[in-house]
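Colleague: Please find protein36.cif (mmCIF, C-alpha atoms and all ligand atoms; chains and numbers go by the auth columns) on the next line:
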```
data_run
loop_
_atom_site.group_PDB
_atom_site.id
_atom_site.type_symbol
_atom_site.label_atom_id
_atom_site.label_comp_id
_atom_site.label_asym_id
_atom_site.label_seq_id
_atom_site.Cartn_x
_atom_site.Cartn_y
_atom_site.Cartn_z
_atom_site.B_iso_or_equiv
_atom_site.auth_seq_id
_atom_site.auth_asym_id
ATOM 1 C CA MET A 1 0.000 0.000 0.000 0.00 11 A
ATOM 2 C CA ILE A 2 1.265 3.469 -0.837 0.00 12 A
ATOM 3 C CA GLU A 3 0.428 6.028 1.802 0.00 13 A
ATOM 4 C CA LEU A 4 -0.407 9.538 0.594 0.00 14 A
ATOM 5 C CA LYS A 5 0.673 12.340 2.905 0.00 15 A
ATOM 6 C CA SER A 6 -1.311 15.534 3.512 0.00 16 A
ATOM 7 C CA PRO A 7 0.401 18.916 3.021 0.00 17 A
ATOM 8 C CA ALA A 8 0.732 19.228 6.824 0.00 18 A
ATOM 9 C CA GLU A 9 2.324 15.783 6.990 0.00 19 A
ATOM 10 C CA LEU A 10 4.754 16.755 4.246 0.00 20 A
ATOM 11 C CA ASP A 11 5.677 19.823 6.288 0.00 21 A
ATOM 12 C CA ALA A 12 6.437 17.479 9.196 0.00 22 A
ATOM 13 C CA MET A 13 8.522 15.322 6.855 0.00 23 A
ATOM 14 C CA ARG A 14 10.418 18.436 5.762 0.00 24 A
ATOM 15 C CA ALA A 15 11.275 19.096 9.403 0.00 25 A
ATOM 16 C CA ALA A 16 12.743 15.583 9.658 0.00 26 A
ATOM 17 C CA GLY A 17 14.495 16.054 6.329 0.00 27 A
ATOM 18 C CA LEU A 18 16.085 19.262 7.541 0.00 28 A
ATOM 19 C CA VAL A 19 17.638 17.404 10.487 0.00 29 A
ATOM 20 C CA VAL A 20 19.183 14.979 8.000 0.00 30 A
ATOM 21 C CA ALA A 21 20.402 17.828 5.795 0.00 31 A
ATOM 22 C CA ASP A 22 21.975 19.560 8.788 0.00 32 A
ATOM 23 C CA ALA A 23 23.659 16.327 9.908 0.00 33 A
ATOM 24 C CA LEU A 24 25.109 15.731 6.440 0.00 34 A
ATOM 25 C CA ALA A 25 26.338 19.325 6.214 0.00 35 A
ATOM 26 C CA ALA A 26 28.061 18.966 9.588 0.00 36 A
ATOM 27 C CA VAL A 27 29.680 15.667 8.570 0.00 37 A
ATOM 28 C CA ARG A 28 30.950 17.184 5.334 0.00 38 A
ATOM 29 C CA GLU A 29 32.334 20.137 7.263 0.00 39 A
ATOM 30 C CA HIS A 30 34.252 17.845 9.638 0.00 40 A
ATOM 31 C CA ALA A 31 35.481 15.339 7.055 0.00 41 A
ATOM 32 C CA ARG A 32 39.156 15.772 6.325 0.00 42 A
ATOM 33 C CA VAL A 33 42.311 13.700 6.057 0.00 43 A
ATOM 34 C CA GLY A 34 43.010 11.935 9.370 0.00 44 A
ATOM 35 C CA VAL A 35 39.453 12.143 10.723 0.00 45 A
ATOM 36 C CA SER A 36 37.904 8.762 11.526 0.00 46 A
ATOM 37 C CA LEU A 37 34.538 7.514 10.330 0.00 47 A
ATOM 38 C CA LEU A 38 33.508 7.051 13.967 0.00 48 A
ATOM 39 C CA GLU A 39 34.238 10.718 14.626 0.00 49 A
ATOM 40 C CA LEU A 40 31.986 11.635 11.710 0.00 50 A
ATOM 41 C CA ASP A 41 29.298 9.346 13.143 0.00 51 A
ATOM 42 C CA GLU A 42 29.512 11.276 16.426 0.00 52 A
ATOM 43 C CA VAL A 43 29.100 14.542 14.543 0.00 53 A
ATOM 44 C CA ALA A 44 25.898 13.265 12.932 0.00 54 A
ATOM 45 C CA ALA A 45 24.687 11.873 16.255 0.00 55 A
ATOM 46 C CA GLY A 46 25.172 15.270 17.874 0.00 56 A
ATOM 47 C CA VAL A 47 23.102 17.046 15.247 0.00 57 A
ATOM 48 C CA ILE A 48 20.316 14.449 15.329 0.00 58 A
ATOM 49 C CA ARG A 49 20.085 14.338 19.125 0.00 59 A
ATOM 50 C CA GLY A 50 20.443 18.102 19.359 0.00 60 A
ATOM 51 C CA ALA A 51 17.374 18.496 17.164 0.00 61 A
ATOM 52 C CA GLY A 52 15.358 16.169 19.397 0.00 62 A
ATOM 53 C CA ALA A 53 15.258 13.608 16.598 0.00 63 A
ATOM 54 C CA GLY A 54 16.175 9.929 16.479 0.00 64 A
ATOM 55 C CA SER A 55 18.348 7.937 14.096 0.00 65 A
ATOM 56 C CA SER A 56 16.574 5.895 11.444 0.00 66 A
ATOM 57 C CA PHE A 57 19.725 3.791 11.020 0.00 67 A
ATOM 58 C CA LEU A 58 20.929 2.938 14.532 0.00 68 A
ATOM 59 C CA GLY A 59 19.696 -0.558 15.390 0.00 69 A
ATOM 60 C CA TYR A 60 18.011 -0.948 11.996 0.00 70 A
ATOM 61 C CA ARG A 61 17.908 -4.569 10.903 0.00 71 A
ATOM 62 C CA PRO A 62 16.312 -5.400 7.544 0.00 72 A
ATOM 63 C CA SER A 63 15.844 -9.017 6.498 0.00 73 A
ATOM 64 C CA PHE A 64 19.179 -9.175 4.653 0.00 74 A
ATOM 65 C CA ALA A 65 21.235 -8.054 7.664 0.00 75 A
ATOM 66 C CA ALA A 66 22.734 -10.452 10.184 0.00 76 A
ATOM 67 C CA THR A 67 23.263 -7.730 12.778 0.00 77 A
ATOM 68 C CA PRO A 68 21.551 -4.415 13.631 0.00 78 A
ATOM 69 C CA PHE A 69 23.225 -1.385 12.031 0.00 79 A
ATOM 70 C CA PRO A 70 25.582 0.185 14.591 0.00 80 A
ATOM 71 C CA GLY A 71 25.797 3.803 13.381 0.00 81 A
ATOM 72 C CA PHE A 72 23.946 7.063 12.779 0.00 82 A
ATOM 73 C CA ILE A 73 25.456 7.264 9.307 0.00 83 A
ATOM 74 C CA CYS A 74 26.568 4.856 6.647 0.00 84 A
ATOM 75 C CA ALA A 75 30.131 5.827 5.740 0.00 85 A
ATOM 76 C CA SER A 76 31.137 4.177 2.460 0.00 86 A
ATOM 77 C CA VAL A 77 34.754 4.704 1.377 0.00 87 A
ATOM 78 C CA ASN A 78 36.029 4.239 -2.191 0.00 88 A
ATOM 79 C CA GLU A 79 34.978 0.761 -3.442 0.00 89 A
ATOM 80 C CA VAL A 80 32.233 0.498 -0.820 0.00 90 A
ATOM 81 C CA ILE A 81 29.009 1.350 -2.641 0.00 91 A
ATOM 82 C CA VAL A 82 26.573 1.792 0.276 0.00 92 A
ATOM 83 C CA HIS A 83 25.935 0.619 3.859 0.00 93 A
ATOM 84 C CA GLY A 84 29.518 1.138 5.097 0.00 94 A
ATOM 85 C CA ILE A 85 29.804 0.880 8.862 0.00 95 A
ATOM 86 C CA PRO A 86 31.460 3.832 10.625 0.00 96 A
ATOM 87 C CA THR A 87 34.713 2.387 12.025 0.00 97 A
ATOM 88 C CA GLY A 88 37.968 3.777 13.357 0.00 98 A
ATOM 89 C CA TYR A 89 39.275 4.036 9.777 0.00 99 A
ATOM 90 C CA ARG A 90 40.924 7.425 9.292 0.00 100 A
ATOM 91 C CA LEU A 91 40.286 9.212 6.020 0.00 101 A
ATOM 92 C CA ARG A 92 43.203 9.420 3.598 0.00 102 A
ATOM 93 C CA ASP A 93 44.045 11.976 0.963 0.00 103 A
ATOM 94 C CA GLY A 94 41.852 11.401 -2.105 0.00 104 A
ATOM 95 C CA ASP A 95 39.312 9.094 -0.458 0.00 105 A
ATOM 96 C CA LEU A 96 35.853 9.129 -2.017 0.00 106 A
ATOM 97 C CA LEU A 97 33.409 9.140 0.876 0.00 107 A
ATOM 98 C CA GLY A 98 29.691 8.431 0.635 0.00 108 A
ATOM 99 C CA VAL A 99 27.667 9.465 3.676 0.00 109 A
ATOM 100 C CA ASP A 100 24.082 8.297 4.074 0.00 110 A
ATOM 101 C CA CYS A 101 21.971 9.544 6.979 0.00 111 A
ATOM 102 C CA GLY A 102 18.430 8.959 8.196 0.00 112 A
ATOM 103 C CA ALA A 103 16.525 10.598 11.037 0.00 113 A
ATOM 104 C CA HIS A 104 12.996 10.580 12.379 0.00 114 A
ATOM 105 C CA LEU A 105 11.198 13.473 14.023 0.00 115 A
ATOM 106 C CA ASP A 106 7.618 13.407 15.328 0.00 116 A
ATOM 107 C CA GLY A 107 7.176 10.003 13.703 0.00 117 A
ATOM 108 C CA TRP A 108 8.347 11.005 10.213 0.00 118 A
ATOM 109 C CA HIS A 109 11.561 9.886 8.522 0.00 119 A
ATOM 110 C CA GLY A 110 14.066 11.627 6.267 0.00 120 A
ATOM 111 C CA ASP A 111 16.804 9.844 4.296 0.00 121 A
ATOM 112 C CA SER A 112 19.556 11.458 2.253 0.00 122 A
ATOM 113 C CA ALA A 113 23.107 10.802 1.087 0.00 123 A
ATOM 114 C CA ILE A 114 26.043 12.768 -0.274 0.00 124 A
ATOM 115 C CA SER A 115 29.351 11.743 -1.837 0.00 125 A
ATOM 116 C CA PHE A 116 32.518 13.832 -1.902 0.00 126 A
ATOM 117 C CA VAL A 117 36.301 13.530 -2.010 0.00 127 A
ATOM 118 C CA VAL A 118 38.511 14.243 0.983 0.00 128 A
ATOM 119 C CA GLY A 119 41.728 16.095 0.158 0.00 129 A
ATOM 120 C CA ARG A 120 43.100 16.098 -3.376 0.00 130 A
ATOM 121 C CA ALA A 121 40.555 14.626 -5.764 0.00 131 A
ATOM 122 C CA ASP A 122 41.088 12.405 -8.774 0.00 132 A
ATOM 123 C CA PRO A 123 39.131 14.068 -11.617 0.00 133 A
ATOM 124 C CA ALA A 124 37.588 10.656 -12.389 0.00 134 A
ATOM 125 C CA ASP A 125 36.067 10.604 -8.901 0.00 135 A
ATOM 126 C CA LEU A 126 34.671 14.111 -9.312 0.00 136 A
ATOM 127 C CA ALA A 127 33.114 13.078 -12.633 0.00 137 A
ATOM 128 C CA LEU A 128 31.571 9.990 -11.019 0.00 138 A
ATOM 129 C CA ILE A 129 30.043 12.078 -8.232 0.00 139 A
ATOM 130 C CA ALA A 130 28.839 14.806 -10.594 0.00 140 A
ATOM 131 C CA THR A 131 27.180 12.195 -12.796 0.00 141 A
ATOM 132 C CA ALA A 132 25.397 10.638 -9.811 0.00 142 A
ATOM 133 C CA GLU A 133 24.206 14.099 -8.766 0.00 143 A
ATOM 134 C CA ARG A 134 23.002 14.788 -12.305 0.00 144 A
ATOM 135 C CA ALA A 135 21.107 11.483 -12.304 0.00 145 A
ATOM 136 C CA LEU A 136 19.526 12.362 -8.958 0.00 146 A
ATOM 137 C CA ALA A 137 18.396 15.732 -10.301 0.00 147 A
ATOM 138 C CA ALA A 138 17.017 14.075 -13.438 0.00 148 A
ATOM 139 C CA GLY A 139 15.104 11.549 -11.348 0.00 149 A
ATOM 140 C CA ILE A 140 13.710 14.279 -9.110 0.00 150 A
ATOM 141 C CA ALA A 141 12.573 16.270 -12.151 0.00 151 A
ATOM 142 C CA GLN A 142 10.384 13.307 -13.193 0.00 152 A
ATOM 143 C CA ALA A 143 8.727 13.087 -9.753 0.00 153 A
ATOM 144 C CA VAL A 144 5.499 14.883 -10.658 0.00 154 A
ATOM 145 C CA PRO A 145 1.824 13.851 -10.446 0.00 155 A
ATOM 146 C CA GLY A 146 0.769 11.650 -13.356 0.00 156 A
ATOM 147 C CA ALA A 147 4.272 10.502 -14.207 0.00 157 A
ATOM 148 C CA ARG A 148 5.154 6.821 -13.827 0.00 158 A
ATOM 149 C CA MET A 149 7.868 5.368 -11.639 0.00 159 A
ATOM 150 C CA GLY A 150 9.561 4.089 -14.786 0.00 160 A
ATOM 151 C CA ASP A 151 10.056 7.711 -15.854 0.00 161 A
ATOM 152 C CA VAL A 152 12.062 8.378 -12.684 0.00 162 A
ATOM 153 C CA SER A 153 14.012 5.131 -13.001 0.00 163 A
ATOM 154 C CA ALA A 154 14.790 5.589 -16.688 0.00 164 A
ATOM 155 C CA ALA A 155 16.017 9.143 -16.128 0.00 165 A
ATOM 156 C CA ILE A 156 18.499 7.901 -13.523 0.00 166 A
ATOM 157 C CA GLY A 157 19.665 4.796 -15.351 0.00 167 A
ATOM 158 C CA ARG A 158 20.191 6.375 -18.729 0.00 168 A
ATOM 159 C CA ILE A 159 22.598 8.942 -17.278 0.00 169 A
ATOM 160 C CA GLY A 160 24.632 6.313 -15.459 0.00 170 A
ATOM 161 C CA ARG A 161 24.782 3.976 -18.447 0.00 171 A
ATOM 162 C CA ALA A 162 25.634 6.795 -20.888 0.00 172 A
ATOM 163 C CA ALA A 163 28.672 7.510 -18.712 0.00 173 A
ATOM 164 C CA GLY A 164 29.646 3.824 -18.786 0.00 174 A
ATOM 165 C CA TYR A 165 29.053 3.222 -15.088 0.00 175 A
ATOM 166 C CA GLY A 166 27.704 0.107 -13.426 0.00 176 A
ATOM 167 C CA MET A 167 25.037 -0.024 -10.736 0.00 177 A
ATOM 168 C CA PRO A 168 23.875 -2.647 -8.228 0.00 178 A
ATOM 169 C CA ALA A 169 20.646 -3.985 -9.692 0.00 179 A
ATOM 170 C CA ASP A 170 19.026 -5.020 -6.409 0.00 180 A
ATOM 171 C CA PHE A 171 19.446 -1.687 -4.673 0.00 181 A
ATOM 172 C CA GLY A 172 17.634 1.575 -5.261 0.00 182 A
ATOM 173 C CA GLY A 173 15.203 4.007 -3.718 0.00 183 A
ATOM 174 C CA HIS A 174 11.975 3.499 -1.811 0.00 184 A
ATOM 175 C CA GLY A 175 8.870 5.109 -0.451 0.00 185 A
ATOM 176 C CA ILE A 176 9.391 6.970 2.823 0.00 186 A
ATOM 177 C CA GLY A 177 7.161 8.342 5.550 0.00 187 A
ATOM 178 C CA ARG A 178 6.257 6.867 8.927 0.00 188 A
ATOM 179 C CA ALA A 179 8.830 4.191 8.133 0.00 189 A
ATOM 180 C CA MET A 180 12.182 4.725 6.458 0.00 190 A
ATOM 181 C CA HIS A 181 11.457 2.068 3.855 0.00 191 A
ATOM 182 C CA GLU A 182 7.927 1.976 2.434 0.00 192 A
ATOM 183 C CA SER A 183 6.298 1.070 -0.865 0.00 193 A
ATOM 184 C CA PRO A 184 6.869 1.684 -3.689 0.00 194 A
ATOM 185 C CA GLY A 185 10.376 0.687 -4.737 0.00 195 A
ATOM 186 C CA VAL A 186 12.254 3.250 -6.826 0.00 196 A
ATOM 187 C CA PRO A 187 14.622 1.296 -9.108 0.00 197 A
ATOM 188 C CA ASN A 188 17.600 3.036 -10.664 0.00 198 A
ATOM 189 C CA GLU A 189 16.764 1.685 -14.094 0.00 199 A
ATOM 190 C CA GLY A 190 13.424 1.297 -15.822 0.00 200 A
ATOM 191 C CA ARG A 191 11.233 1.967 -18.816 0.00 201 A
ATOM 192 C CA PRO A 192 9.425 5.277 -19.288 0.00 202 A
ATOM 193 C CA GLY A 193 5.650 5.009 -19.037 0.00 203 A
ATOM 194 C CA ARG A 194 5.769 1.861 -16.894 0.00 204 A
ATOM 195 C CA GLY A 195 5.259 1.222 -13.212 0.00 205 A
ATOM 196 C CA VAL A 196 3.369 2.952 -10.428 0.00 206 A
ATOM 197 C CA THR A 197 1.614 6.204 -11.292 0.00 207 A
ATOM 198 C CA LEU A 198 2.926 9.038 -9.135 0.00 208 A
ATOM 199 C CA ARG A 199 0.331 11.007 -7.190 0.00 209 A
ATOM 200 C CA ALA A 200 0.464 14.161 -5.114 0.00 210 A
ATOM 201 C CA GLY A 201 1.225 13.218 -1.517 0.00 211 A
ATOM 202 C CA MET A 202 3.582 10.369 -2.305 0.00 212 A
ATOM 203 C CA ALA A 203 7.051 10.628 -0.805 0.00 213 A
ATOM 204 C CA ILE A 204 9.984 8.671 -2.213 0.00 214 A
ATOM 205 C CA ALA A 205 13.717 8.437 -1.616 0.00 215 A
ATOM 206 C CA ILE A 206 15.598 8.606 -4.916 0.00 216 A
ATOM 207 C CA GLU A 207 19.156 7.281 -4.691 0.00 217 A
ATOM 208 C CA PRO A 208 21.435 6.643 -7.662 0.00 218 A
ATOM 209 C CA MET A 209 24.536 4.566 -6.928 0.00 219 A
ATOM 210 C CA PHE A 210 27.129 4.234 -9.688 0.00 220 A
ATOM 211 C CA HIS A 211 30.258 2.079 -10.029 0.00 221 A
ATOM 212 C CA ALA A 212 33.130 3.667 -11.947 0.00 222 A
ATOM 213 C CA GLY A 213 34.343 0.332 -13.360 0.00 223 A
ATOM 214 C CA GLY A 214 31.180 -0.228 -15.375 0.00 224 A
ATOM 215 C CA ARG A 215 30.325 -3.614 -13.899 0.00 225 A
ATOM 216 C CA ASP A 216 27.117 -4.144 -11.951 0.00 226 A
ATOM 217 C CA ALA A 217 28.417 -6.921 -9.713 0.00 227 A
ATOM 218 C CA TYR A 218 29.015 -6.359 -6.031 0.00 228 A
ATOM 219 C CA PHE A 219 29.547 -8.438 -2.926 0.00 229 A
ATOM 220 C CA GLU A 220 28.702 -8.085 0.728 0.00 230 A
ATOM 221 C CA ALA A 221 31.713 -7.567 2.972 0.00 231 A
ATOM 222 C CA GLU A 222 32.468 -9.691 6.026 0.00 232 A
ATOM 223 C CA ASP A 223 30.991 -6.998 8.268 0.00 233 A
ATOM 224 C CA GLY A 224 27.591 -8.127 6.995 0.00 234 A
ATOM 225 C CA TRP A 225 26.638 -4.656 5.755 0.00 235 A
ATOM 226 C CA SER A 226 29.082 -3.016 3.341 0.00 236 A
ATOM 227 C CA LEU A 227 28.348 -3.566 -0.345 0.00 237 A
ATOM 228 C CA VAL A 228 31.557 -3.524 -2.361 0.00 238 A
ATOM 229 C CA THR A 229 32.253 -3.375 -6.115 0.00 239 A
ATOM 230 C CA VAL A 230 33.717 -6.673 -7.361 0.00 240 A
ATOM 231 C CA ASP A 231 36.188 -4.907 -9.638 0.00 241 A
ATOM 232 C CA GLY A 232 37.433 -2.704 -6.806 0.00 242 A
ATOM 233 C CA SER A 233 36.368 0.418 -8.669 0.00 243 A
ATOM 234 C CA ARG A 234 35.039 3.374 -6.749 0.00 244 A
ATOM 235 C CA ALA A 235 31.350 4.068 -6.265 0.00 245 A
ATOM 236 C CA ALA A 236 29.279 7.177 -5.621 0.00 246 A
ATOM 237 C CA HIS A 237 25.877 7.346 -3.939 0.00 247 A
ATOM 238 C CA VAL A 238 23.616 10.371 -3.586 0.00 248 A
ATOM 239 C CA GLU A 239 20.059 10.533 -2.286 0.00 249 A
ATOM 240 C CA HIS A 240 17.184 12.858 -1.507 0.00 250 A
ATOM 241 C CA SER A 241 13.765 12.249 -0.002 0.00 251 A
ATOM 242 C CA VAL A 242 11.264 13.895 -2.354 0.00 252 A
ATOM 243 C CA ALA A 243 7.537 14.578 -2.154 0.00 253 A
ATOM 244 C CA ILE A 244 5.345 14.563 -5.237 0.00 254 A
ATOM 245 C CA THR A 245 3.136 17.660 -5.099 0.00 255 A
ATOM 246 C CA GLU A 246 0.870 19.591 -7.460 0.00 256 A
ATOM 247 C CA ASP A 247 3.500 22.339 -7.372 0.00 257 A
ATOM 248 C CA GLY A 248 6.241 19.943 -8.513 0.00 258 A
ATOM 249 C CA PRO A 249 8.871 17.899 -6.694 0.00 259 A
ATOM 250 C CA ARG A 250 9.529 19.034 -3.121 0.00 260 A
ATOM 251 C CA VAL A 251 12.987 17.999 -1.937 0.00 261 A
ATOM 252 C CA LEU A 252 12.368 17.201 1.724 0.00 262 A
ATOM 253 C CA THR A 253 16.073 16.768 2.524 0.00 263 A
ATOM 254 C CA ALA A 254 17.317 19.859 0.670 0.00 264 A
ATOM 255 C CA PRO A 255 20.054 21.740 2.526 0.00 265 A
ATOM 256 C CA ARG A 256 19.069 24.757 4.583 0.00 266 A
ATOM 257 C CA LEU A 257 19.285 27.952 2.544 0.00 267 A
ATOM 258 C CA PRO A 258 22.134 30.238 3.564 0.00 268 A
ATOM 259 C CA ALA A 259 21.000 33.173 5.707 0.00 269 A
ATOM 260 C CA ALA A 260 19.898 36.099 3.595 0.00 270 A
ATOM 261 C CA SER A 261 22.563 38.749 3.200 0.00 271 A
ATOM 262 C CA THR A 262 22.003 41.895 5.229 0.00 272 A
ATOM 263 C CA ALA A 263 24.279 43.883 2.954 0.00 273 A
ATOM 264 C CA PRO A 264 22.626 46.982 1.484 0.00 274 A
HETATM 265 MG MG MG B . 19.803 6.597 2.621 0.00 1 B
HETATM 266 MG MG MG B . 17.271 5.367 1.193 0.00 2 B
#
```
Could you show the structure in this file as structure tokens?
Ligand code: MG
Ligand code: MG

Modeller:
Amino acid sequence: MIELKSPAELDAMRAAGLVVADALAAVREHARVGVSLLELDEVAAGVIRGAGAGSSFLGYRPSFAATPFPGFICASVNEVIVHGIPTGYRLRDGDLLGVDCGAHLDGWHGDSAISFVVGRADPADLALIATAERALAAGIAQAVPGARMGDVSAAIGRIGRAAGYGMPADFGGHGIGRAMHESPGVPNEGRPGRGVTLRAGMAIAIEPMFHAGGRDAYFEAEDGWSLVTVDGSRAAHVEHSVAITEDGPRVLTAPRLPAASTAP
């Protein structure tokens, strides 16, 4: 069943999404060479707790997981695609870091992810990230009433494939609301004009994940969570929670706007 949210409920989801956006901004601010993933997890925890919110990730245990997730963020370095566990690993110059964060506030969840390079970046990594961001924007642009889910999926997949990237077929986006993962699924590849019809009040998490090496295959690491590219190539993952509204896509996890300038 797909739950439709009222405008007031979407406002409440935006409040949760803003906590996630603030946590991701703080993590990005603190991420530099020598900083550990656990330290970044503490930064996110501070923002989430400080806002009176809870983590959607901590203790989360979907059917595929052998153990509950131990962090406030997923921290996925280089060849880790998604679901990286925050460990004592210290970031090195040129690492490609994906940070995924989820929080719930007043019973509503937000879920968003960013990818960026720490220190000196390989241009290939910047291109990978920029392409994932472009695919996310293209998917969001299709998230309007009357469109089909396949329109969103196709917009994402065609950008990744045109760039020659791979993607993990079994992983993609999802509905979001009172639970972090709801119906419908939001695949990262699809056919335009097919799938669920999008209606105002639906909220979905759209999350492209691309592998630089071009192969789709991945494996699960021994930690029981991290998904890793089989060819060892780097991966980028970006995500926003988005509401479908009559006024167009509403990005519920969009970063806070900078304070208006008071200059004359
Ligand atoms: Mg996420
Ligand atoms: Mg998600």

Colleague: Between A:Gly242, A:Gly112, A:Gly234, A:Pro78, which residue has the minimum interatomic distance to ligand MG 1 (chain B), considering all atoms listed in the file?

Modeller: A:Gly112

Colleague: Which of these, A:Phe181, A:Tyr175, A:Phe67, A:Tyr228, has the shortest distance to Val196 (chain A) once you count all atoms listed in the file?

Modeller: A:Phe181

Colleague: Evaluate the PyMOL selection byres (((chain A and resi 189) around 9) and not hetatm) and record the selected residues as a PyMOL selection string, following the chain and residue labels used in the document.

Modeller: chain A and resi 66+114+117-119+185-188+190-192

Colleague: Return as an NGL selection string the residues of protein, DNA or RNA that approach ligand MG 1 (chain B) to within 7 Å, with only C-alpha atoms and all ligand atoms taken into account.

Modeller: :A and (110-112 or 121-123 or 249)

Colleague: Residues picked by the PyMOL selection byres (((chain A and resi 64) around 9) and not hetatm) here, as a count of residues only?

Modeller: 14

Colleague: With the PyMOL selection byres (((chain A and resi 29-43) around 6) and not hetatm) as the selection, what would be picked from this file? Answer as a PyMOL selection string, please.

Modeller: chain A and resi 26-28+44-45+50+54+57+101-103+113+128+263+265

Colleague: Using all atoms listed in the file, which residue out of A:Pro218, A:Gly56, A:Gly94, A:Pro194 lies closest to Arg144 (chain A)?

Modeller: A:Pro218

Colleague: In the coordinates of the file, take the point (5.1, 7.1, -12.9) and a cut-off of 8 Å; then, counting all atoms listed in the file, name each qualifying protein, DNA or RNA residue as JSON, numbers by chain.

Modeller: {"A": [153, 155, 156, 157, 158, 159, 160, 161, 162, 202, 203, 204, 205, 206, 207, 208]}

Colleague: One decimal, in Å: what's the spacing between CA of Ile169 (chain A) and CA of Ala145 (chain A)?

Modeller: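 So the two atoms, CA of Ile169 (chain A) and CA of Ala145 (chain A), lie 5.8 Å apart.
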
Colleague: Taking 5 positions as the minimum chain separation for residues in the same chain, which residues sit within 8 Å of Gly195 (chain A) when counting only C-alpha atoms? Answer as an mmCIF file with C-alpha atoms, in the frame of the given file.

Modeller:
```cif
data_model
loop_
_atom_site.group_PDB
_atom_site.id
_atom_site.type_symbol
_atom_site.label_atom_id
_atom_site.label_comp_id
_atom_site.auth_asym_id
_atom_site.auth_seq_id
_atom_site.Cartn_x
_atom_site.Cartn_y
_atom_site.Cartn_z
ATOM 1 C CA GLY A 182 17.634 1.575 -5.261
ATOM 2 C CA GLY A 183 15.203 4.007 -3.718
ATOM 3 C CA HIS A 184 11.975 3.499 -1.811
ATOM 4 C CA GLY A 185 8.870 5.109 -0.451
#
```

Colleague: Just need the box for region 195-213 of chain A, edges along x, y and z, holding every atom the file lists for it with 3 Å tacked onto each side, so centre and edge lengths in Å to one decimal, as AutoDock Vina command-line options.

Modeller:
```
--center_x 9.0 --center_y 7.4 --center_z -10.0 --size_x 23.3 --size_y 19.5 --size_z 24.5
```
